[in-house]
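As stored in my_file.txt (compact mmCIF, C-alpha atoms):
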```txt
# COMPACT_ATOMS: atom_id res chain seq x y z
CA MET A 25 40.76 8.97 39.65
CA ASP A 26 43.39 11.40 38.41
CA LEU A 27 41.71 14.56 37.27
CA THR A 28 44.84 16.65 36.71
CA ASN A 29 44.41 16.37 32.94
CA SER A 30 40.68 16.89 32.97
CA ASP A 31 39.63 18.82 29.88
CA ARG A 32 36.48 20.85 30.49
CA GLU A 33 36.56 21.98 26.88
CA LEU A 34 35.83 18.45 25.71
CA THR A 35 32.81 18.24 27.98
CA ALA A 36 31.57 21.64 26.81
CA ASP A 37 32.09 20.74 23.13
CA VAL A 38 30.13 17.50 23.44
CA GLU A 39 27.32 19.33 25.22
CA GLU A 40 27.22 22.05 22.59
CA LEU A 41 27.28 19.69 19.61
CA SER A 42 24.74 17.25 21.04
CA GLY A 43 22.47 19.75 22.76
CA GLU A 44 22.45 17.40 25.75
CA ASN A 45 23.27 17.95 29.42
CA ILE A 46 25.98 15.34 29.89
CA PHE A 47 25.71 15.52 33.68
CA SER A 48 22.10 14.45 33.73
CA CYS A 49 23.39 10.90 33.13
CA TYR A 50 23.56 9.05 36.47
CA GLN A 51 25.34 5.99 35.07
CA CYS A 52 22.52 3.48 35.40
CA GLY A 53 23.91 1.54 32.43
CA LYS A 54 20.60 0.94 30.71
CA CYS A 55 22.00 2.25 27.40
CA SER A 56 24.75 -0.38 27.54
CA ALA A 57 22.37 -3.12 28.62
CA GLY A 58 20.22 -2.62 25.53
CA CYS A 59 22.95 -1.77 23.01
CA PRO A 60 23.13 -4.52 20.36
CA PHE A 61 26.81 -3.92 19.58
CA THR A 62 28.59 -3.76 22.94
CA GLU A 63 30.67 -6.86 22.15
CA GLU A 64 32.26 -4.91 19.30
CA MET A 65 33.05 -1.87 21.49
CA ASP A 66 36.14 -1.09 23.57
CA LEU A 67 34.08 1.08 25.94
CA LEU A 68 30.45 0.61 26.93
CA PRO A 69 28.17 3.52 25.97
CA ASN A 70 27.76 4.58 29.62
CA GLN A 71 31.57 4.50 30.03
CA VAL A 72 31.89 6.84 27.06
CA ILE A 73 29.50 9.25 28.75
CA ARG A 74 31.46 8.95 32.03
CA LYS A 75 34.69 9.84 30.28
CA VAL A 76 33.05 12.90 28.73
CA GLN A 77 31.72 13.91 32.16
CA MET A 78 35.28 13.63 33.51
CA GLY A 79 36.79 15.52 30.58
CA ASP A 80 38.92 12.52 29.61
CA ARG A 81 40.16 13.06 26.05
CA THR A 82 41.09 9.38 25.60
CA VAL A 83 37.41 8.92 24.76
CA LEU A 84 38.27 10.31 21.32
CA ASP A 85 40.37 7.18 20.66
CA SER A 86 37.55 4.78 21.49
CA ASN A 87 35.96 2.73 18.71
CA THR A 88 32.57 2.96 20.42
CA PRO A 89 31.24 6.13 18.75
CA TRP A 90 32.26 4.67 15.37
CA THR A 91 30.59 1.33 16.08
CA CYS A 92 27.35 3.03 17.13
CA ALA A 93 25.03 3.18 14.12
CA SER A 94 22.47 5.51 15.76
CA CYS A 95 19.95 2.67 16.05
CA LEU A 96 18.38 4.63 18.94
CA SER A 97 17.80 1.58 21.10
CA CYS A 98 19.43 3.46 24.02
CA GLU A 99 17.55 6.63 23.18
CA VAL A 100 14.17 4.97 23.77
CA ASP A 101 15.45 3.22 26.92
CA CYS A 102 17.23 6.06 28.78
CA PRO A 103 15.29 6.83 31.98
CA LYS A 104 16.67 10.38 31.95
CA GLY A 105 15.59 11.00 28.37
CA ASN A 106 19.16 11.57 27.23
CA ASP A 107 19.87 11.36 23.54
CA VAL A 108 22.88 9.03 23.77
CA PRO A 109 23.23 8.67 19.95
CA ALA A 110 23.56 12.48 19.74
CA ILE A 111 26.40 12.30 22.29
CA MET A 112 28.11 9.64 20.14
CA GLU A 113 27.63 11.85 17.10
CA ALA A 114 29.15 14.81 18.93
CA ILE A 115 32.26 12.75 19.70
CA ARG A 116 32.52 11.67 16.06
CA GLU A 117 32.09 15.27 14.93
CA ILE A 118 34.94 16.49 17.15
CA SER A 119 37.29 14.29 15.11
CA LEU A 120 35.58 14.82 11.75
CA ARG A 121 35.74 18.61 12.09
CA LYS A 122 39.51 18.29 12.41
CA ASN A 123 39.50 16.47 9.06
CA LEU A 124 40.17 13.15 10.75
CA ASP A 125 37.93 11.09 8.48
CA ARG A 126 37.21 7.58 9.67
CA VAL A 127 36.68 6.21 6.16
CA ASP A 128 39.10 6.97 3.35
CA LEU A 129 37.31 7.22 0.02
CA ASN A 130 40.49 6.33 -1.87
CA GLU A 131 40.84 3.08 0.05
CA LEU A 132 37.20 2.16 -0.18
CA ASP A 133 36.07 -0.74 -2.33
CA ALA A 134 32.54 0.37 -3.10
CA LYS A 135 31.86 -2.45 -5.52
CA GLY A 136 28.56 -4.15 -4.84
CA LEU A 137 27.59 -1.73 -2.10
CA PRO A 138 24.21 -0.03 -2.46
CA GLU A 139 24.01 3.77 -2.48
CA ILE A 140 21.99 3.81 0.75
CA ALA A 141 24.95 2.20 2.57
CA LEU A 142 27.58 4.45 1.00
CA VAL A 143 25.74 7.73 1.49
CA SER A 144 24.87 7.01 5.11
CA ASN A 145 28.35 5.73 5.93
CA LEU A 146 30.10 8.73 4.39
CA ARG A 147 27.72 11.13 6.09
CA LYS A 148 28.56 9.63 9.47
CA LYS A 149 32.24 8.87 8.99
CA THR A 150 33.67 11.67 6.87
CA GLY A 151 33.67 15.42 7.49
CA MET B 1 -11.62 3.01 -16.52
CA ILE B 2 -11.27 2.69 -12.78
CA TYR B 3 -10.77 5.98 -10.98
CA MET B 4 -7.38 5.94 -9.30
CA LYS B 5 -6.68 8.23 -6.41
CA ASP B 6 -3.28 9.96 -6.61
CA ILE B 7 -1.10 10.03 -3.55
CA LEU B 8 2.25 11.77 -3.65
CA TYR B 9 5.13 9.41 -3.12
CA TYR B 10 8.82 9.85 -2.35
CA PRO B 11 10.84 6.84 -3.57
CA GLY B 12 14.42 7.65 -2.52
CA CYS B 13 17.51 6.22 -4.18
CA SER B 14 17.25 2.52 -3.31
CA LEU B 15 13.77 2.00 -4.74
CA LYS B 16 15.06 3.10 -8.12
CA ASP B 17 18.00 0.71 -8.03
CA THR B 18 18.81 -2.09 -5.59
CA ALA B 19 15.29 -2.20 -4.15
CA LYS B 20 13.39 -1.95 -7.45
CA GLY B 21 11.30 -4.95 -6.43
CA PHE B 22 10.15 -2.93 -3.40
CA GLU B 23 8.90 -0.10 -5.60
CA ASP B 24 7.37 -2.30 -8.32
CA SER B 25 5.49 -4.42 -5.81
CA ALA B 26 4.26 -1.31 -3.95
CA ILE B 27 2.96 0.20 -7.20
CA LYS B 28 1.19 -3.06 -8.09
CA VAL B 29 -0.28 -3.50 -4.62
CA SER B 30 -1.51 0.11 -4.64
CA GLU B 31 -3.35 -0.49 -7.92
CA GLU B 32 -5.40 -3.11 -6.08
CA PHE B 33 -6.50 -0.34 -3.71
CA GLU B 34 -7.17 1.95 -6.69
CA ILE B 35 -4.34 4.16 -5.58
CA ASN B 36 -1.78 5.64 -7.93
CA LEU B 37 1.63 6.30 -6.40
CA LYS B 38 2.41 9.63 -8.02
CA GLU B 39 6.14 10.15 -7.82
CA LEU B 40 7.34 13.48 -6.47
CA SER B 41 9.02 15.21 -9.40
CA ARG B 42 12.58 16.46 -8.95
CA TRP B 43 13.05 14.74 -5.63
CA ASN B 44 16.53 14.69 -4.13
CA CYS B 45 18.32 12.51 -1.60
CA CYS B 46 16.79 12.57 1.89
CA GLY B 47 20.28 12.37 3.38
CA THR B 48 19.68 8.76 4.53
CA VAL B 49 20.66 9.54 8.12
CA TYR B 50 19.25 12.33 10.27
CA SER B 51 21.92 14.68 11.55
CA LEU B 52 22.16 14.57 15.34
CA THR B 53 24.36 17.62 15.74
CA ASP B 54 22.61 20.65 17.10
CA ASP B 55 24.62 23.34 15.36
CA ASN B 56 24.68 22.34 11.70
CA LEU B 57 21.59 22.97 9.61
CA MET B 58 23.22 22.17 6.28
CA LYS B 59 22.29 18.52 6.57
CA GLN B 60 18.61 19.42 6.98
CA LEU B 61 18.40 21.18 3.62
CA GLY B 62 17.92 18.05 1.52
CA PRO B 63 14.87 16.81 3.42
CA VAL B 64 13.34 20.32 3.54
CA ARG B 65 13.73 20.72 -0.24
CA ASN B 66 11.66 17.58 -0.73
CA LEU B 67 8.98 18.91 1.61
CA ILE B 68 8.87 22.19 -0.31
CA ARG B 69 8.42 20.34 -3.60
CA ALA B 70 5.58 18.27 -2.18
CA ARG B 71 3.83 21.53 -1.29
CA ASP B 72 4.66 23.05 -4.71
CA GLU B 73 2.86 20.11 -6.32
CA GLY B 74 -0.24 20.89 -4.28
CA PHE B 75 -0.05 18.08 -1.72
CA ASP B 76 0.03 18.32 2.06
CA ARG B 77 1.03 14.70 2.54
CA LEU B 78 4.04 12.82 1.20
CA TYR B 79 4.22 9.03 1.45
CA THR B 80 7.37 6.97 1.88
CA LEU B 81 8.27 3.29 1.61
CA CYS B 82 11.95 3.20 2.62
CA SER B 83 12.16 3.39 6.40
CA MET B 84 15.39 5.41 6.34
CA CYS B 85 13.84 8.07 4.08
CA ASP B 86 10.74 8.02 6.26
CA ASN B 87 12.79 8.59 9.40
CA THR B 88 14.99 11.36 8.00
CA LEU B 89 12.09 13.26 6.42
CA LYS B 90 9.92 12.93 9.55
CA ARG B 91 12.66 14.03 11.94
CA THR B 92 13.66 17.03 9.86
CA ASN B 93 10.00 17.96 9.48
CA LYS B 94 9.53 17.75 13.24
CA LEU B 95 12.62 19.85 13.86
CA VAL B 96 11.51 22.73 11.65
CA LYS B 97 7.88 22.53 12.80
CA GLU B 98 8.99 23.01 16.41
CA ASP B 99 11.82 25.47 15.92
CA GLU B 100 10.78 28.58 14.04
CA GLU B 101 14.23 30.13 14.22
CA LYS B 102 15.82 27.15 12.50
CA LEU B 103 13.09 27.10 9.86
CA ASP B 104 13.66 30.82 9.18
CA LYS B 105 17.39 30.25 8.80
CA ILE B 106 16.81 27.42 6.34
CA ASN B 107 14.24 29.41 4.36
CA ASN B 108 16.53 32.43 4.20
CA PHE B 109 19.42 30.30 3.02
CA MET B 110 17.44 28.61 0.24
CA ASP B 111 16.54 31.74 -1.71
CA GLN B 112 15.79 29.88 -4.95
CA GLU B 113 12.97 27.88 -3.40
CA ASN B 114 9.60 28.84 -2.03
CA ASP B 115 9.61 29.10 1.74
CA TYR B 116 8.66 25.97 3.61
CA GLU B 117 5.65 26.69 5.80
CA ALA B 118 6.01 23.48 7.84
CA ASP B 119 2.68 22.31 6.48
CA VAL B 120 3.49 18.95 4.89
CA GLU B 121 3.00 15.64 6.65
CA ILE B 122 5.19 12.59 6.01
CA ARG B 123 3.44 9.24 6.14
CA HIS B 124 4.82 5.77 5.72
CA TYR B 125 2.99 3.33 3.46
CA LEU B 126 2.38 1.11 6.50
CA GLU B 127 0.43 3.98 8.07
CA LEU B 128 -1.66 4.21 4.90
CA LEU B 129 -2.46 0.50 5.20
CA ARG B 130 -3.13 0.45 8.93
CA ASP B 131 -4.78 3.84 9.54
CA GLU B 132 -6.39 4.85 6.26
CA LEU B 133 -7.29 1.67 4.39
CA GLU B 134 -7.40 -0.59 7.47
CA TRP B 135 -6.57 -4.28 7.55
CA SER B 136 -9.97 -5.49 6.38
CA THR B 137 -9.37 -3.72 3.03
CA VAL B 138 -6.04 -5.52 2.77
CA SER B 139 -7.66 -8.90 3.54
CA ASP B 140 -10.30 -8.29 0.86
CA LYS B 141 -7.62 -8.23 -1.84
CA VAL B 142 -6.00 -11.53 -0.90
CA VAL B 143 -6.38 -14.25 -3.54
CA ASN B 144 -3.54 -16.47 -2.31
CA PRO B 145 -3.80 -16.56 1.48
CA LEU B 146 -0.37 -17.21 2.94
CA GLU B 147 -1.64 -20.20 4.87
CA GLY B 148 1.03 -22.00 6.81
CA LEU B 149 3.67 -19.40 5.98
CA ASN B 150 5.61 -18.31 9.07
CA VAL B 151 6.79 -14.73 8.73
CA ALA B 152 9.35 -13.05 10.99
CA PRO B 153 8.55 -9.33 11.16
CA TYR B 154 11.84 -7.46 11.19
CA TYR B 155 11.08 -3.89 12.25
CA GLY B 156 14.69 -2.78 12.56
CA CYS B 157 15.31 0.70 13.94
CA MET B 158 13.95 3.47 11.80
CA LEU B 159 10.24 2.60 11.70
CA THR B 160 9.74 2.84 15.44
CA ARG B 161 12.53 5.01 16.84
CA PRO B 162 12.65 7.64 18.17
CA LYS B 163 9.19 7.33 19.69
CA GLU B 164 8.29 10.93 18.82
CA ILE B 165 8.12 10.03 15.12
CA GLY B 166 7.89 6.24 15.26
CA LEU B 167 4.83 4.70 13.67
CA ASP B 168 4.51 1.99 16.30
CA ASP B 169 5.45 1.12 19.88
CA PRO B 170 9.28 0.98 19.97
CA HIS B 171 9.28 -1.90 22.44
CA GLU B 172 6.34 -3.95 21.21
CA PRO B 173 5.65 -3.08 17.59
CA SER B 174 2.77 -4.89 15.91
CA VAL B 175 2.09 -3.33 12.50
CA PHE B 176 3.94 -6.05 10.56
CA ASP B 177 2.27 -8.77 12.64
CA GLU B 178 -1.13 -7.30 11.79
CA LEU B 179 -0.21 -7.09 8.10
CA VAL B 180 0.91 -10.74 8.00
CA GLU B 181 -2.30 -11.84 9.70
CA SER B 182 -4.40 -9.89 7.22
CA LEU B 183 -2.61 -11.76 4.40
CA GLY B 184 -3.46 -15.11 5.98
CA GLY B 185 0.07 -15.84 7.18
CA THR B 186 1.41 -16.47 10.67
CA PRO B 187 3.65 -13.87 12.31
CA VAL B 188 6.34 -15.48 14.44
CA ASP B 189 7.63 -13.94 17.60
CA PHE B 190 11.39 -13.59 17.33
CA PRO B 191 13.80 -11.89 19.68
CA TYR B 192 15.65 -9.73 17.16
CA GLU B 193 12.66 -8.02 15.57
CA ALA B 194 13.83 -4.53 16.55
CA GLU B 195 17.57 -5.09 16.80
CA CYS B 196 19.92 -3.06 14.60
CA CYS B 197 21.49 -4.97 11.67
CA GLY B 198 24.65 -2.84 11.79
CA SER B 199 23.37 -0.40 9.19
CA TYR B 200 26.03 1.53 7.24
CA ASN B 201 28.87 -0.18 9.12
CA THR B 202 28.50 -2.75 6.33
CA VAL B 203 30.78 -0.42 4.30
CA ASP B 204 33.82 -0.35 6.59
CA ASN B 205 33.19 -3.17 9.07
CA GLU B 206 31.73 -6.02 7.10
CA GLU B 207 32.68 -8.67 9.65
CA MET B 208 30.74 -6.99 12.41
CA VAL B 209 27.66 -6.88 10.19
CA LEU B 210 28.14 -10.54 9.21
CA ARG B 211 28.07 -11.54 12.87
CA LYS B 212 24.84 -9.61 13.38
CA THR B 213 23.33 -10.97 10.16
CA GLN B 214 23.96 -14.46 11.50
CA THR B 215 22.36 -13.65 14.86
CA ILE B 216 19.26 -12.11 13.32
CA THR B 217 18.63 -14.56 10.49
CA ALA B 218 19.49 -17.69 12.50
CA GLY B 219 17.29 -16.32 15.30
CA ALA B 220 14.41 -15.96 12.87
CA GLY B 221 15.01 -19.48 11.56
CA LYS B 222 15.09 -20.95 15.06
CA SER B 223 11.79 -19.25 15.78
CA GLY B 224 10.31 -21.17 12.87
CA ALA B 225 10.30 -18.40 10.27
CA ASP B 226 10.14 -19.31 6.57
CA VAL B 227 10.74 -15.73 5.58
CA ILE B 228 11.71 -12.35 7.09
CA ILE B 229 10.00 -9.08 6.09
CA THR B 230 11.45 -5.58 6.20
CA ALA B 231 10.77 -2.02 5.08
CA CYS B 232 14.41 -0.97 4.89
CA PRO B 233 16.66 -1.38 1.83
CA LEU B 234 19.79 -1.21 4.00
CA CYS B 235 18.48 -3.91 6.36
CA HIS B 236 17.61 -5.89 3.23
CA PHE B 237 21.17 -5.62 1.94
CA ASN B 238 22.60 -6.64 5.31
CA LEU B 239 20.21 -9.54 5.84
CA ASP B 240 19.96 -10.78 2.24
CA ARG B 241 23.27 -10.06 0.46
CA ARG B 242 25.34 -10.40 3.62
CA GLN B 243 23.55 -13.67 4.40
CA ALA B 244 24.87 -15.00 1.08
CA ASP B 245 28.35 -13.77 2.10
CA LEU B 246 27.85 -15.49 5.45
CA LEU B 247 27.07 -18.79 3.74
CA GLU B 248 30.54 -18.73 2.20
CA VAL B 249 32.20 -18.73 5.62
CA ALA B 250 29.46 -20.61 7.52
CA PRO B 251 28.06 -23.21 5.10
CA ASN B 252 25.95 -24.80 7.85
CA HIS B 253 23.91 -21.65 8.24
CA ASP B 254 20.29 -22.29 7.29
CA PRO B 255 19.33 -19.32 5.09
CA VAL B 256 16.05 -17.47 5.48
CA PRO B 257 14.85 -15.34 2.53
CA VAL B 258 14.21 -11.65 3.18
CA LEU B 259 11.31 -9.82 1.51
CA TYR B 260 10.02 -6.29 1.47
CA PHE B 261 6.56 -6.26 3.02
CA THR B 262 5.01 -5.12 -0.27
CA GLN B 263 6.53 -8.15 -2.03
CA LEU B 264 4.76 -10.41 0.43
CA MET B 265 1.54 -8.49 -0.23
CA ALA B 266 2.02 -8.86 -4.00
CA VAL B 267 2.36 -12.64 -3.58
CA ALA B 268 -0.85 -12.79 -1.53
CA PHE B 269 -2.61 -10.53 -4.05
CA GLY B 270 -1.63 -12.86 -6.91
CA HIS B 271 1.14 -10.76 -8.48
CA PRO B 272 4.40 -12.43 -7.47
CA GLU B 273 5.96 -11.66 -10.87
CA VAL B 274 6.41 -7.94 -10.05
CA SER B 275 8.80 -8.53 -7.17
CA LYS B 276 12.10 -9.19 -8.98
CA PHE B 277 12.82 -12.12 -6.65
CA GLU B 278 15.55 -13.23 -9.06
CA GLU B 279 17.63 -10.29 -7.81
CA HIS B 280 17.60 -11.54 -4.22
CA ALA B 281 20.76 -13.20 -2.95
CA ILE B 282 18.69 -15.71 -0.96
CA ASP B 283 16.11 -16.80 -3.51
CA PRO B 284 12.61 -16.93 -1.98
CA ARG B 285 10.82 -18.29 -5.08
CA GLU B 286 10.69 -21.90 -3.99
CA LEU B 287 8.64 -20.81 -1.00
CA PHE B 288 5.92 -19.32 -3.16
CA GLU B 289 5.88 -21.82 -5.99
CA PRO B 290 2.19 -22.75 -5.77
CA GLU B 291 1.21 -19.09 -5.41
CA MET B 292 3.45 -18.09 -8.27
CA LYS B 293 1.67 -20.52 -10.57
CA VAL B 294 -1.65 -19.05 -9.57
CA GLY B 295 -0.14 -15.63 -10.18
CA SER B 296 1.07 -16.42 -13.69
CA GLU B 297 -2.28 -17.93 -14.67
CA ARG B 298 -4.11 -14.74 -13.86
```
Please, can you express the file's structure as structure tokens?
Amino acid sequence: MDLTNSDRELTADVEELSGENIFSCYQCGKCSAGCPFTEEMDLLPNQVIRKVQMGDRTVLDSNTPWTCASCLSCEVDCPKGNDVPAIMEAIREISLRKNLDRVDLNELDAKGLPEIALVSNLRKKTG
Amino acid sequence: MIYMKDILYYPGCSLKDTAKGFEDSAIKVSEEFEINLKELSRWNCCGTVYSLTDDNLMKQLGPVRNLIRARDEGFDRLYTLCSMCDNTLKRTNKLVKEDEEKLDKINNFMDQENDYEADVEIRHYLELLRDELEWSTVSDKVVNPLEGLNVAPYYGCMLTRPKEIGLDDPHEPSVFDELVESLGGTPVDFPYEAECCGSYNTVDNEEMVLRKTQTITAGAGKSGADVIITACPLCHFNLDRRQADLLEVAPNHDPVPVLYFTQLMAVAFGHPEVSKFEEHAIDPRELFEPEMKVGSER
């Protein structure tokens, strides 16, 4: 693996935002095995963690953190007790705090959507 | 006049709007137990989703305000029905109970409110049924036993996860199964009972949610379920409304109605009329026709 562009800042940011030790993950893959939405993701949850460990900024382009709905299935399964949803949230926050909203309110057709869906979506996908 | 015991109750936004049948049936069912659901006055949004970032306390303020108001009204326990409200309030409560520094920061910031002393407990209505009233009390109120009705318990995510605040085992939950049995129905084992419905992705990724709706509802149907029960208004939207959307693109799909657990209780207690079933996208009324007649005669 080419580590010449490794960005330690990314790793540190994710650790700070999530409060998790990213290197305690030993890549067992249990999070991905239990995740109910892997078929919708371009990277498996454990691959996202690996990229953060390696300081690979391309992880910020992945759709995986935006597909994750914090259902916590991985959180109860992780043998290391890692809060994987918090790591996903940290990756989302890195983009959101640069004003890179995932959902554009002006484009959104909110008709027929209940408030519980809108509030939760906008809290997770806009800064 | 029957003496009704007041318990303080936090409805949240959905129970006042899209999930009105959830609230109305819960109020009616509680009357049977001589319990009055006293609504928390001046409640505000719980935030719907618990913030997972470690450095931003702003998103914890909403839940803490509700906890302060519960205390201001003289209660040390606040009951919930919506599983998302339950989860957000419980997690925030746990955070500030365990982290004095964060609680101090929040209290200092909110100078218009009384300080929160971390002395309020959040309880879900299912915990009231299971741990305080117990299932035998529930059985005693049944006038229309749900004999022969196969019910798929859909726990979803927020009732049981994370395990620190979950009200049941995250891998093998049983509270809904026990409720269904106490109503005379048959709980069916189905593989998607704790699988995420896609949650708020329904706003910007409808297709993904439709695929999951199909998996969950068809899975329940294949397991022999006549009906699915839930405690979450967002799961209800994704399984009920999105199931109707699914039928437009997959007309061969065999729809399964989705009920809030209190609506099922109201049917068994002889009050099906309070549930606003007419607002459901997949109409469950046919299923309860004999019971509904009994209900309207009462």
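Take the candidates A:Glu99, A:Asp85, A:Asp66, A:Asp107 and check each one against Thr160 in chain B using all atoms listed in the file; the shortest distance goes to A:Glu99.
When only C-alpha atoms are used to measure the gap to chain A, the shortest distance among B:Glu164, B:Asp119, B:Glu73, B:Asp24 belongs to B:Glu164.
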- Query: Is there a way to get, as a PyMOL selection string, all residues within 8 Å of the point (25.7, 8.8, 10.1) in file coordinates, counting all atoms listed in the file?
  - Reply: (chain A and resi 93-94+113+144-149) or (chain B and resi 49-51+200)
Same residues, C-alpha atoms, output as a PDB file, keeping the file's coordinate frame:
```
ATOM      1  CA  ALA A  93      25.030   3.180  14.120  1.00  0.00           C
ATOM      2  CA  SER A  94      22.470   5.510  15.760  1.00  0.00           C
ATOM      3  CA  GLU A 113      27.630  11.850  17.100  1.00  0.00           C
ATOM      4  CA  SER A 144      24.870   7.010   5.110  1.00  0.00           C
ATOM      5  CA  ASN A 145      28.350   5.730   5.930  1.00  0.00           C
ATOM      6  CA  LEU A 146      30.100   8.730   4.390  1.00  0.00           C
ATOM      7  CA  ARG A 147      27.720  11.130   6.090  1.00  0.00           C
ATOM      8  CA  LYS A 148      28.560   9.630   9.470  1.00  0.00           C
ATOM      9  CA  LYS A 149      32.240   8.870   8.990  1.00  0.00           C
TER      10      LYS A 149
ATOM     11  CA  VAL B  49      20.660   9.540   8.120  1.00  0.00           C
ATOM     12  CA  TYR B  50      19.250  12.330  10.270  1.00  0.00           C
ATOM     13  CA  SER B  51      21.920  14.680  11.550  1.00  0.00           C
ATOM     14  CA  TYR B 200      26.030   1.530   7.240  1.00  0.00           C
TER      15      TYR B 200
END
```
- Judged by all atoms listed in the file, the minimum distance to Asp37 in chain A among A:Asn130, A:Ser56, A:Gln77, A:Thr82 is found for A:Gln77
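We find CA of Thr62 in chain A and CA of Asn252 in chain B to be spaced 26.0 Å apart.
Residue nearest Glu33 in chain A, chosen from A:Ile111, A:Met78, A:Val127, A:Leu96 and counting all atoms listed in the file: A:Met78.
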Using only C-alpha atoms, select each residue of chain A with any atom at most 6 Å away from an atom of chain B, and give the selection as a compact mmCIF listing (two decimals) with C-alpha atoms, in the coordinates of the input.
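See selection_32.txt below for the written result:
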```txt
# COMPACT_ATOMS: atom_id res chain seq x y z
CA LEU A 41 27.28 19.69 19.61
CA SER A 42 24.74 17.25 21.04
CA GLY A 43 22.47 19.75 22.76
CA CYS A 95 19.95 2.67 16.05
CA ALA A 110 23.56 12.48 19.74
CA ALA A 141 24.95 2.20 2.57
CA SER A 144 24.87 7.01 5.11
CA ASN A 145 28.35 5.73 5.93
```
- Identify, on the basis of only C-alpha atoms, every residue whose closest approach to Pro173 in chain B does not exceed 10 Å; exclude the query and any residue fewer than 2 positions from it along the same chain; express the result as a PyMOL selection string. chain B and resi 153-155+159-160+166-171+175-178+193-194
- Query: If we count all atoms listed in the file, what is near Tyr50 in chain A at a cut-off of 12 Å, once residues fewer than 6 positions away on the same chain are taken out, given as a PyMOL selection string?
  - Reply: chain A and resi 70-71+73-74+77+102-106
Kindly provide, as a compact mmCIF listing (two decimals) with C-alpha atoms, keeping the file's coordinate frame, the polymer residues lying within 12 Å of (29.8, -2.8, 26.0), counting only C-alpha atoms and using the coordinates exactly as they appear in the file.
```
# COMPACT_ATOMS: atom_id res chain seq x y z
CA GLY A 53 23.91 1.54 32.43
CA LYS A 54 20.60 0.94 30.71
CA CYS A 55 22.00 2.25 27.40
CA SER A 56 24.75 -0.38 27.54
CA ALA A 57 22.37 -3.12 28.62
CA GLY A 58 20.22 -2.62 25.53
CA CYS A 59 22.95 -1.77 23.01
CA PRO A 60 23.13 -4.52 20.36
CA PHE A 61 26.81 -3.92 19.58
CA THR A 62 28.59 -3.76 22.94
CA GLU A 63 30.67 -6.86 22.15
CA GLU A 64 32.26 -4.91 19.30
CA MET A 65 33.05 -1.87 21.49
CA ASP A 66 36.14 -1.09 23.57
CA LEU A 67 34.08 1.08 25.94
CA LEU A 68 30.45 0.61 26.93
CA PRO A 69 28.17 3.52 25.97
CA ASN A 70 27.76 4.58 29.62
CA GLN A 71 31.57 4.50 30.03
CA VAL A 72 31.89 6.84 27.06
CA SER A 86 37.55 4.78 21.49
CA ASN A 87 35.96 2.73 18.71
CA THR A 88 32.57 2.96 20.42
CA PRO A 89 31.24 6.13 18.75
CA THR A 91 30.59 1.33 16.08
CA CYS A 92 27.35 3.03 17.13
```
- Query: Can you tell me, as an NGL selection string, what residues are no more than 12 Å from Glu121 in chain B when counting only C-alpha atoms, ignoring any on the same chain fewer than 6 positions away?
  - Reply: :B and (8-9 or 64 or 66-68 or 70-71 or 75-80 or 86 or 89-94 or 97 or 165)
